[in-house]
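Content type CSV, N, CA and C atoms, from the file target_6.csv:
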chain,number,residue,atom,x,y,z
A,1,MET,N,136.0,115.1,99.7
A,1,MET,CA,135.0,115.5,98.6
A,1,MET,C,134.2,114.3,98.1
A,2,GLN,N,134.9,113.2,97.8
A,2,GLN,CA,134.3,112.0,97.3
A,2,GLN,C,133.4,111.4,98.4
A,3,ASN,N,133.9,111.4,99.7
A,3,ASN,CA,133.1,110.9,100.8
A,3,ASN,C,131.8,111.7,101.0
A,4,ASP,N,131.9,113.0,100.9
A,4,ASP,CA,130.7,113.8,101.0
A,4,ASP,C,129.7,113.5,99.9
A,5,ARG,N,130.2,113.3,98.7
A,5,ARG,CA,129.3,112.9,97.6
A,5,ARG,C,128.6,111.6,97.9
A,6,ASN,N,129.4,110.6,98.3
A,6,ASN,CA,128.9,109.3,98.6
A,6,ASN,C,127.9,109.3,99.7
A,7,LEU,N,128.2,110.2,100.7
A,7,LEU,CA,127.2,110.3,101.9
A,7,LEU,C,125.9,110.9,101.4
A,8,ARG,N,126.0,112.0,100.6
A,8,ARG,CA,124.8,112.6,100.1
A,8,ARG,C,124.0,111.6,99.2
A,9,ARG,N,124.7,110.9,98.4
A,9,ARG,CA,124.0,109.9,97.5
A,9,ARG,C,123.3,108.8,98.3
A,10,ALA,N,124.0,108.4,99.4
A,10,ALA,CA,123.4,107.3,100.2
A,10,ALA,C,122.2,107.9,101.0
A,11,LYS,N,122.2,109.1,101.4
A,11,LYS,CA,121.1,109.7,102.1
A,11,LYS,C,119.9,109.8,101.1
A,12,LYS,N,120.2,110.3,99.9
A,12,LYS,CA,119.1,110.4,98.9
A,12,LYS,C,118.5,109.0,98.5
A,13,ASP,N,119.4,108.1,98.4
A,13,ASP,CA,119.0,106.7,98.1
A,13,ASP,C,118.1,106.1,99.2
A,14,LEU,N,118.5,106.4,100.4
A,14,LEU,CA,117.7,105.9,101.5
A,14,LEU,C,116.3,106.6,101.6
A,15,GLU,N,116.3,107.9,101.3
A,15,GLU,CA,115.0,108.6,101.3
A,15,GLU,C,114.1,108.1,100.2
A,16,ASP,N,114.7,107.9,99.0
A,16,ASP,CA,113.9,107.4,97.9
A,16,ASP,C,113.4,106.0,98.1
A,17,LEU,N,114.2,105.2,98.7
A,17,LEU,CA,113.9,103.8,99.0
A,17,LEU,C,112.7,103.8,100.0
A,18,SER,N,112.8,104.6,101.0
A,18,SER,CA,111.7,104.7,102.0
A,18,SER,C,110.4,105.2,101.4
A,19,ASP,N,110.5,106.2,100.5
A,19,ASP,CA,109.3,106.7,99.8
A,19,ASP,C,108.7,105.7,98.9
A,20,GLU,N,109.6,104.9,98.2
A,20,GLU,CA,109.1,103.9,97.3
A,20,GLU,C,108.3,102.9,98.0
A,21,TYR,N,108.9,102.3,99.1
A,21,TYR,CA,108.2,101.3,99.8
A,21,TYR,C,106.9,101.8,100.5
A,22,SER,N,106.9,103.1,100.9
A,22,SER,CA,105.7,103.7,101.5
A,22,SER,C,104.6,103.7,100.4
A,23,HIS,N,105.0,104.1,99.2
A,23,HIS,CA,104.0,104.1,98.1
A,23,HIS,C,103.5,102.7,97.7
A,24,ARG,N,104.4,101.8,97.7
A,24,ARG,CA,104.0,100.4,97.4
A,24,ARG,C,103.0,99.8,98.5
A,25,VAL,N,103.3,100.2,99.7
A,25,VAL,CA,102.4,99.7,100.8
A,25,VAL,C,101.0,100.4,100.6
A,26,LYS,N,101.0,101.6,100.3
A,26,LYS,CA,99.7,102.3,100.1
A,26,LYS,C,99.0,101.8,98.9
A,27,ALA,N,99.7,101.4,97.8
A,27,ALA,CA,99.1,100.9,96.7
A,27,ALA,C,98.5,99.5,97.0
A,28,GLY,N,99.2,98.7,97.8
A,28,GLY,CA,98.7,97.4,98.2
A,28,GLY,C,97.5,97.5,99.1
A,29,THR,N,97.5,98.5,99.9
A,29,THR,CA,96.3,98.8,100.8
A,29,THR,C,95.1,99.1,100.0
A,30,GLU,N,95.2,99.9,99.0
A,30,GLU,CA,94.1,100.2,98.1
A,30,GLU,C,93.6,99.0,97.4
A,31,ARG,N,94.5,98.2,96.9
A,31,ARG,CA,94.0,96.9,96.2
A,31,ARG,C,93.3,96.0,97.2
A,32,ALA,N,93.9,95.9,98.4
A,32,ALA,CA,93.3,95.0,99.4
A,32,ALA,C,91.9,95.5,99.8
A,33,LYS,N,91.8,96.8,99.9
A,33,LYS,CA,90.5,97.4,100.3
A,33,LYS,C,89.4,97.1,99.2
A,34,ARG,N,89.8,97.1,98.0
A,34,ARG,CA,88.9,96.8,96.9
A,34,ARG,C,88.5,95.3,96.9
A,35,GLU,N,89.5,94.5,97.2
A,35,GLU,CA,89.2,93.0,97.2
A,35,GLU,C,88.4,92.7,98.4
A,36,LEU,N,88.6,93.3,99.5
A,36,LEU,CA,87.8,93.0,100.8
A,36,LEU,C,86.4,93.6,100.7
A,37,LEU,N,86.3,94.8,100.3
A,37,LEU,CA,85.0,95.5,100.2
A,37,LEU,C,84.4,95.6,98.9
A,38,GLY,N,84.9,94.9,97.9
A,38,GLY,CA,84.5,95.0,96.5
A,38,GLY,C,83.0,95.1,96.2
A,39,ASN,N,82.2,94.2,96.7
A,39,ASN,CA,80.8,94.2,96.4
A,39,ASN,C,80.0,95.3,97.1
A,40,SER,N,80.6,95.8,98.2
A,40,SER,CA,79.8,96.8,99.0
A,40,SER,C,80.3,98.2,98.5
A,41,MET,N,81.3,98.3,97.7
A,41,MET,CA,81.7,99.6,97.2
A,41,MET,C,81.0,100.0,96.0
A,42,THR,N,80.7,101.3,95.8
A,42,THR,CA,80.1,101.8,94.6
A,42,THR,C,81.1,101.8,93.5
A,43,ALA,N,80.7,102.0,92.3
A,43,ALA,CA,81.6,102.0,91.1
A,43,ALA,C,82.5,103.2,91.3
A,44,THR,N,82.0,104.3,91.8
A,44,THR,CA,82.8,105.5,91.9
A,44,THR,C,83.9,105.3,93.0
A,45,GLN,N,83.6,104.6,94.1
A,45,GLN,CA,84.6,104.3,95.1
A,45,GLN,C,85.6,103.3,94.6
A,46,LYS,N,85.2,102.3,93.8
A,46,LYS,CA,86.2,101.4,93.2
A,46,LYS,C,87.1,102.1,92.2
A,47,THR,N,86.6,103.0,91.4
A,47,THR,CA,87.4,103.8,90.5
A,47,THR,C,88.4,104.7,91.2
A,48,THR,N,87.9,105.4,92.2
A,48,THR,CA,88.7,106.3,93.0
A,48,THR,C,89.9,105.5,93.6
A,49,SER,N,89.6,104.3,94.2
A,49,SER,CA,90.6,103.5,94.8
A,49,SER,C,91.6,103.0,93.8
A,50,ALA,N,91.1,102.6,92.6
A,50,ALA,CA,92.0,102.2,91.5
A,50,ALA,C,93.0,103.3,91.1
A,51,VAL,N,92.4,104.5,91.0
A,51,VAL,CA,93.2,105.6,90.6
A,51,VAL,C,94.3,105.9,91.6
A,52,LYS,N,93.9,105.9,92.9
A,52,LYS,CA,94.9,106.1,94.0
A,52,LYS,C,96.0,105.0,93.9
A,53,GLU,N,95.6,103.8,93.7
A,53,GLU,CA,96.6,102.7,93.6
A,53,GLU,C,97.5,103.0,92.5
A,54,ALA,N,97.0,103.3,91.3
A,54,ALA,CA,97.9,103.6,90.2
A,54,ALA,C,98.8,104.8,90.4
A,55,GLY,N,98.3,105.8,91.1
A,55,GLY,CA,99.1,107.0,91.5
A,55,GLY,C,100.3,106.6,92.4
A,56,HIS,N,100.0,105.7,93.4
A,56,HIS,CA,101.0,105.3,94.3
A,56,HIS,C,102.1,104.4,93.5
A,57,ARG,N,101.6,103.6,92.6
A,57,ARG,CA,102.5,102.7,91.9
A,57,ARG,C,103.4,103.6,91.0
A,58,VAL,N,102.9,104.6,90.4
A,58,VAL,CA,103.7,105.5,89.5
A,58,VAL,C,104.7,106.2,90.4
A,59,ALA,N,104.3,106.7,91.6
A,59,ALA,CA,105.2,107.5,92.5
A,59,ALA,C,106.3,106.5,92.9
A,60,ALA,N,106.0,105.3,93.2
A,60,ALA,CA,107.0,104.3,93.6
A,60,ALA,C,108.0,104.1,92.5
A,61,GLY,N,107.5,104.0,91.3
A,61,GLY,CA,108.4,103.9,90.1
A,61,GLY,C,109.3,105.0,89.9
A,62,VAL,N,108.8,106.2,90.1
A,62,VAL,CA,109.6,107.4,90.0
A,62,VAL,C,110.8,107.4,91.0
A,63,ASP,N,110.4,107.0,92.3
A,63,ASP,CA,111.5,106.9,93.3
A,63,ASP,C,112.5,105.9,92.9
A,64,LYS,N,112.1,104.8,92.4
A,64,LYS,CA,113.0,103.7,92.0
A,64,LYS,C,113.9,104.2,90.8
A,65,THR,N,113.3,104.9,89.9
A,65,THR,CA,114.0,105.4,88.7
A,65,THR,C,115.1,106.5,89.2
A,66,LYS,N,114.7,107.3,90.1
A,66,LYS,CA,115.7,108.3,90.6
A,66,LYS,C,116.9,107.6,91.2
A,67,ARG,N,116.7,106.5,92.0
A,67,ARG,CA,117.8,105.8,92.5
A,67,ARG,C,118.7,105.1,91.4
A,68,ASN,N,118.0,104.5,90.4
A,68,ASN,CA,118.7,103.9,89.3
A,68,ASN,C,119.6,104.9,88.5
A,69,LEU,N,119.0,106.1,88.3
A,69,LEU,CA,119.7,107.1,87.5
A,69,LEU,C,120.9,107.6,88.3
A,70,ARG,N,120.7,107.7,89.6
A,70,ARG,CA,121.8,108.1,90.5
A,70,ARG,C,123.0,107.1,90.5
A,71,ASP,N,122.6,105.8,90.4
A,71,ASP,CA,123.6,104.8,90.4
A,71,ASP,C,124.4,104.8,89.0
A,72,LYS,N,123.7,105.1,87.9
A,72,LYS,CA,124.3,105.1,86.6
A,72,LYS,C,125.2,106.3,86.5
A,73,ALA,N,124.9,107.4,87.2
A,73,ALA,CA,125.7,108.6,87.1
A,73,ALA,C,127.0,108.6,87.8
A,74,ARG,N,127.3,107.5,88.5
A,74,ARG,CA,128.6,107.4,89.2
A,74,ARG,C,129.7,107.5,88.3
As a first step, turn the structure in this file into C-alpha coordinates.
Amino acid sequence: MQNDRNLRRAKKDLEDLSDEYSHRVKAGTERAKRELLGNSMTATQKTTSAVKEAGHRVAAGVDKTKRNLRDKAR
(Lines of atoms letter the chains of each structure in order from A and count residues from 1; the text may use other names and numbers.)
(Lines give C-alpha, C1' and ligand atoms only; values in the text may rest on other atoms or scores of the structure.)
Protein backbone atom coordinates (compact mmCIF):
# COMPACT_ATOMS: atom_id res chain seq x y z
CA MET A 1 0.00 0.00 0.00
CA GLN A 2 2.70 2.48 1.02
CA ASN A 3 4.84 1.54 -1.99
CA ASP A 4 1.91 2.11 -4.33
CA ARG A 5 1.32 5.53 -2.82
CA ASN A 6 5.01 6.43 -3.11
CA LEU A 7 5.07 5.25 -6.72
CA ARG A 8 1.99 7.33 -7.62
CA ARG A 9 3.45 10.36 -5.85
CA ALA A 10 6.77 9.96 -7.67
CA LYS A 11 4.97 9.67 -11.00
CA LYS A 12 2.92 12.82 -10.33
CA ASP A 13 6.03 14.67 -9.14
CA LEU A 14 7.89 13.72 -12.30
CA GLU A 15 4.99 14.84 -14.51
CA ASP A 16 4.69 18.15 -12.67
CA LEU A 17 8.45 18.70 -12.81
CA SER A 18 8.46 18.05 -16.53
CA ASP A 19 5.52 20.41 -17.07
CA GLU A 20 7.15 23.07 -14.89
CA TYR A 21 10.38 23.06 -16.87
CA SER A 22 8.49 23.00 -20.14
CA HIS A 23 6.63 26.15 -19.09
CA ARG A 24 9.84 27.81 -17.90
CA VAL A 25 11.52 27.11 -21.26
CA LYS A 26 8.52 28.54 -23.13
CA ALA A 27 8.56 31.64 -20.91
CA GLY A 28 12.28 32.09 -21.57
CA THR A 29 11.68 31.71 -25.29
CA GLU A 30 9.06 34.47 -25.24
CA ARG A 31 11.43 36.79 -23.36
CA ALA A 32 14.30 36.00 -25.74
CA LYS A 33 12.04 36.63 -28.72
CA ARG A 34 11.19 40.09 -27.39
CA GLU A 35 14.84 40.87 -26.68
CA LEU A 36 15.94 39.68 -30.10
CA LEU A 37 13.15 41.20 -32.18
CA GLY A 38 12.21 44.01 -29.82
CA ASN A 39 12.47 46.99 -32.16
CA SER A 40 10.87 45.21 -35.09
CA MET A 41 7.87 44.01 -33.07
CA THR A 42 4.72 46.07 -32.80
CA ALA A 43 3.40 47.08 -29.40
CA THR A 44 0.62 44.51 -29.75
CA GLN A 45 3.12 41.74 -30.51
CA LYS A 46 5.26 42.73 -27.53
CA THR A 47 2.22 42.78 -25.25
CA THR A 48 1.01 39.42 -26.52
CA SER A 49 4.46 37.94 -25.97
CA ALA A 50 4.65 39.38 -22.45
CA VAL A 51 1.23 37.95 -21.58
CA LYS A 52 2.27 34.54 -22.92
CA GLU A 53 5.45 34.69 -20.84
CA ALA A 54 3.49 35.59 -17.72
CA GLY A 55 1.04 32.76 -18.36
CA HIS A 56 3.85 30.25 -18.69
CA ARG A 57 5.50 31.52 -15.50
CA VAL A 58 2.22 31.20 -13.60
CA ALA A 59 1.67 27.68 -14.95
CA ALA A 60 5.20 26.72 -13.89
CA GLY A 61 4.51 28.10 -10.42
CA VAL A 62 1.32 26.05 -10.18
CA ASP A 63 3.19 22.86 -11.07
CA LYS A 64 5.86 23.64 -8.48
CA THR A 65 3.23 24.37 -5.84
CA LYS A 66 1.48 21.07 -6.53
CA ARG A 67 4.75 19.23 -5.89
CA ASN A 68 5.43 21.20 -2.71
CA LEU A 69 1.93 20.53 -1.37
CA ARG A 70 2.28 16.85 -2.14
CA ASP A 71 5.56 16.79 -0.19
CA LYS A 72 3.97 18.50 2.83
CA ALA A 73 1.04 16.06 2.80
CA ARG A 74 3.31 13.13 3.57
So that I can see what lies close to A:Ala27, please list as a list of chain:residue names the residues with an atom at most 9 Å from it, counting only C-alpha atoms and leaving out residues fewer than 6 positions away in the same chain.
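Listed by chain and then number, they are A:Ala50, A:Lys52, A:Glu53, A:Ala54, A:Gly55, A:His56, A:Arg57.
Proximity to A:Thr65 was assessed for A:Arg31, A:Asp13, A:Arg24, A:Arg8 counting only C-alpha atoms; the smallest distance is recorded for A:Asp13.
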For atom CA of A:Asn6 and atom CA of A:Val25, the interatomic separation in Å (one decimal)
28.3 Å
Ranking A:His23, A:Ala10, A:Arg5, A:Glu15 by minimum distance to A:Gly61 and counting only C-alpha atoms, which one comes first?
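Smallest separation from A:Gly61 among the options: A:His23.
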A:Ser49 proximity check over A:Arg74, A:Lys64, A:Lys33, A:Met1, using only C-alpha atoms: winner is A:Lys33
For a test of reading the model, state the distance in Å between atom N of A:Lys12 and atom C of A:Gly28, rounded to one decimal.
26.1 Å
Figure out the distance between atom C of A:Glu20 and atom N of A:Asn3, please, to one decimal in Å.
27.0 Å
Limit the output to N, CA and C atoms and give stretch 26-58 of chain A as a CSV table (one decimal), in the first residue's frame.
chain,number,residue,atom,x,y,z
A,26,LYS,N,9.4,27.7,-22.3
A,26,LYS,CA,8.5,28.5,-23.1
A,26,LYS,C,8.5,30.0,-22.7
A,27,ALA,N,8.5,30.3,-21.4
A,27,ALA,CA,8.6,31.6,-20.9
A,27,ALA,C,9.9,32.3,-21.3
A,28,GLY,N,11.0,31.6,-21.2
A,28,GLY,CA,12.3,32.1,-21.6
A,28,GLY,C,12.3,32.4,-23.1
A,29,THR,N,11.7,31.5,-23.8
A,29,THR,CA,11.7,31.7,-25.3
A,29,THR,C,10.9,33.0,-25.6
A,30,GLU,N,9.8,33.2,-25.0
A,30,GLU,CA,9.1,34.5,-25.2
A,30,GLU,C,9.9,35.7,-24.9
A,31,ARG,N,10.6,35.7,-23.8
A,31,ARG,CA,11.4,36.8,-23.4
A,31,ARG,C,12.6,37.0,-24.4
A,32,ALA,N,13.2,35.9,-24.8
A,32,ALA,CA,14.3,36.0,-25.7
A,32,ALA,C,13.8,36.5,-27.1
A,33,LYS,N,12.6,36.1,-27.5
A,33,LYS,CA,12.0,36.6,-28.7
A,33,LYS,C,11.9,38.1,-28.7
A,34,ARG,N,11.4,38.6,-27.5
A,34,ARG,CA,11.2,40.1,-27.4
A,34,ARG,C,12.5,40.8,-27.4
A,35,GLU,N,13.5,40.2,-26.7
A,35,GLU,CA,14.8,40.9,-26.7
A,35,GLU,C,15.5,40.9,-28.0
A,36,LEU,N,15.3,39.8,-28.8
A,36,LEU,CA,15.9,39.7,-30.1
A,36,LEU,C,15.2,40.5,-31.1
A,37,LEU,N,13.9,40.5,-31.2
A,37,LEU,CA,13.1,41.2,-32.2
A,37,LEU,C,12.5,42.5,-31.7
A,38,GLY,N,12.9,42.9,-30.5
A,38,GLY,CA,12.2,44.0,-29.8
A,38,GLY,C,11.8,45.2,-30.7
A,39,ASN,N,12.8,45.8,-31.4
A,39,ASN,CA,12.5,47.0,-32.2
A,39,ASN,C,11.6,46.7,-33.4
A,40,SER,N,11.7,45.5,-33.9
A,40,SER,CA,10.9,45.2,-35.1
A,40,SER,C,9.5,44.7,-34.8
A,41,MET,N,9.2,44.5,-33.5
A,41,MET,CA,7.9,44.0,-33.1
A,41,MET,C,7.0,45.2,-32.8
A,42,THR,N,5.7,45.0,-33.1
A,42,THR,CA,4.7,46.1,-32.8
A,42,THR,C,4.4,46.0,-31.3
A,43,ALA,N,3.8,47.0,-30.8
A,43,ALA,CA,3.4,47.1,-29.4
A,43,ALA,C,2.5,45.9,-29.1
A,44,THR,N,1.6,45.6,-30.0
A,44,THR,CA,0.6,44.5,-29.7
A,44,THR,C,1.4,43.2,-29.7
A,45,GLN,N,2.3,43.0,-30.5
A,45,GLN,CA,3.1,41.7,-30.5
A,45,GLN,C,3.9,41.6,-29.2
A,46,LYS,N,4.5,42.7,-28.8
A,46,LYS,CA,5.3,42.7,-27.5
A,46,LYS,C,4.4,42.4,-26.3
A,47,THR,N,3.2,43.0,-26.3
A,47,THR,CA,2.2,42.8,-25.3
A,47,THR,C,1.8,41.3,-25.2
A,48,THR,N,1.4,40.8,-26.4
A,48,THR,CA,1.0,39.4,-26.5
A,48,THR,C,2.1,38.5,-26.0
A,49,SER,N,3.3,38.8,-26.4
A,49,SER,CA,4.5,37.9,-26.0
A,49,SER,C,4.6,38.0,-24.5
A,50,ALA,N,4.5,39.2,-23.9
A,50,ALA,CA,4.7,39.4,-22.4
A,50,ALA,C,3.6,38.6,-21.7
A,51,VAL,N,2.3,38.7,-22.2
A,51,VAL,CA,1.2,38.0,-21.6
A,51,VAL,C,1.5,36.4,-21.7
A,52,LYS,N,2.0,36.0,-22.8
A,52,LYS,CA,2.3,34.5,-22.9
A,52,LYS,C,3.3,34.1,-21.9
A,53,GLU,N,4.4,35.0,-21.8
A,53,GLU,CA,5.5,34.7,-20.8
A,53,GLU,C,4.9,34.6,-19.4
A,54,ALA,N,4.1,35.6,-19.1
A,54,ALA,CA,3.5,35.6,-17.7
A,54,ALA,C,2.6,34.3,-17.5
A,55,GLY,N,1.9,34.0,-18.5
A,55,GLY,CA,1.0,32.8,-18.4
A,55,GLY,C,1.9,31.5,-18.1
A,56,HIS,N,3.0,31.4,-18.9
A,56,HIS,CA,3.9,30.2,-18.7
A,56,HIS,C,4.5,30.3,-17.3
A,57,ARG,N,4.9,31.4,-16.8
A,57,ARG,CA,5.5,31.5,-15.5
A,57,ARG,C,4.5,31.1,-14.4
A,58,VAL,N,3.3,31.6,-14.6
A,58,VAL,CA,2.2,31.2,-13.6
A,58,VAL,C,2.0,29.7,-13.6
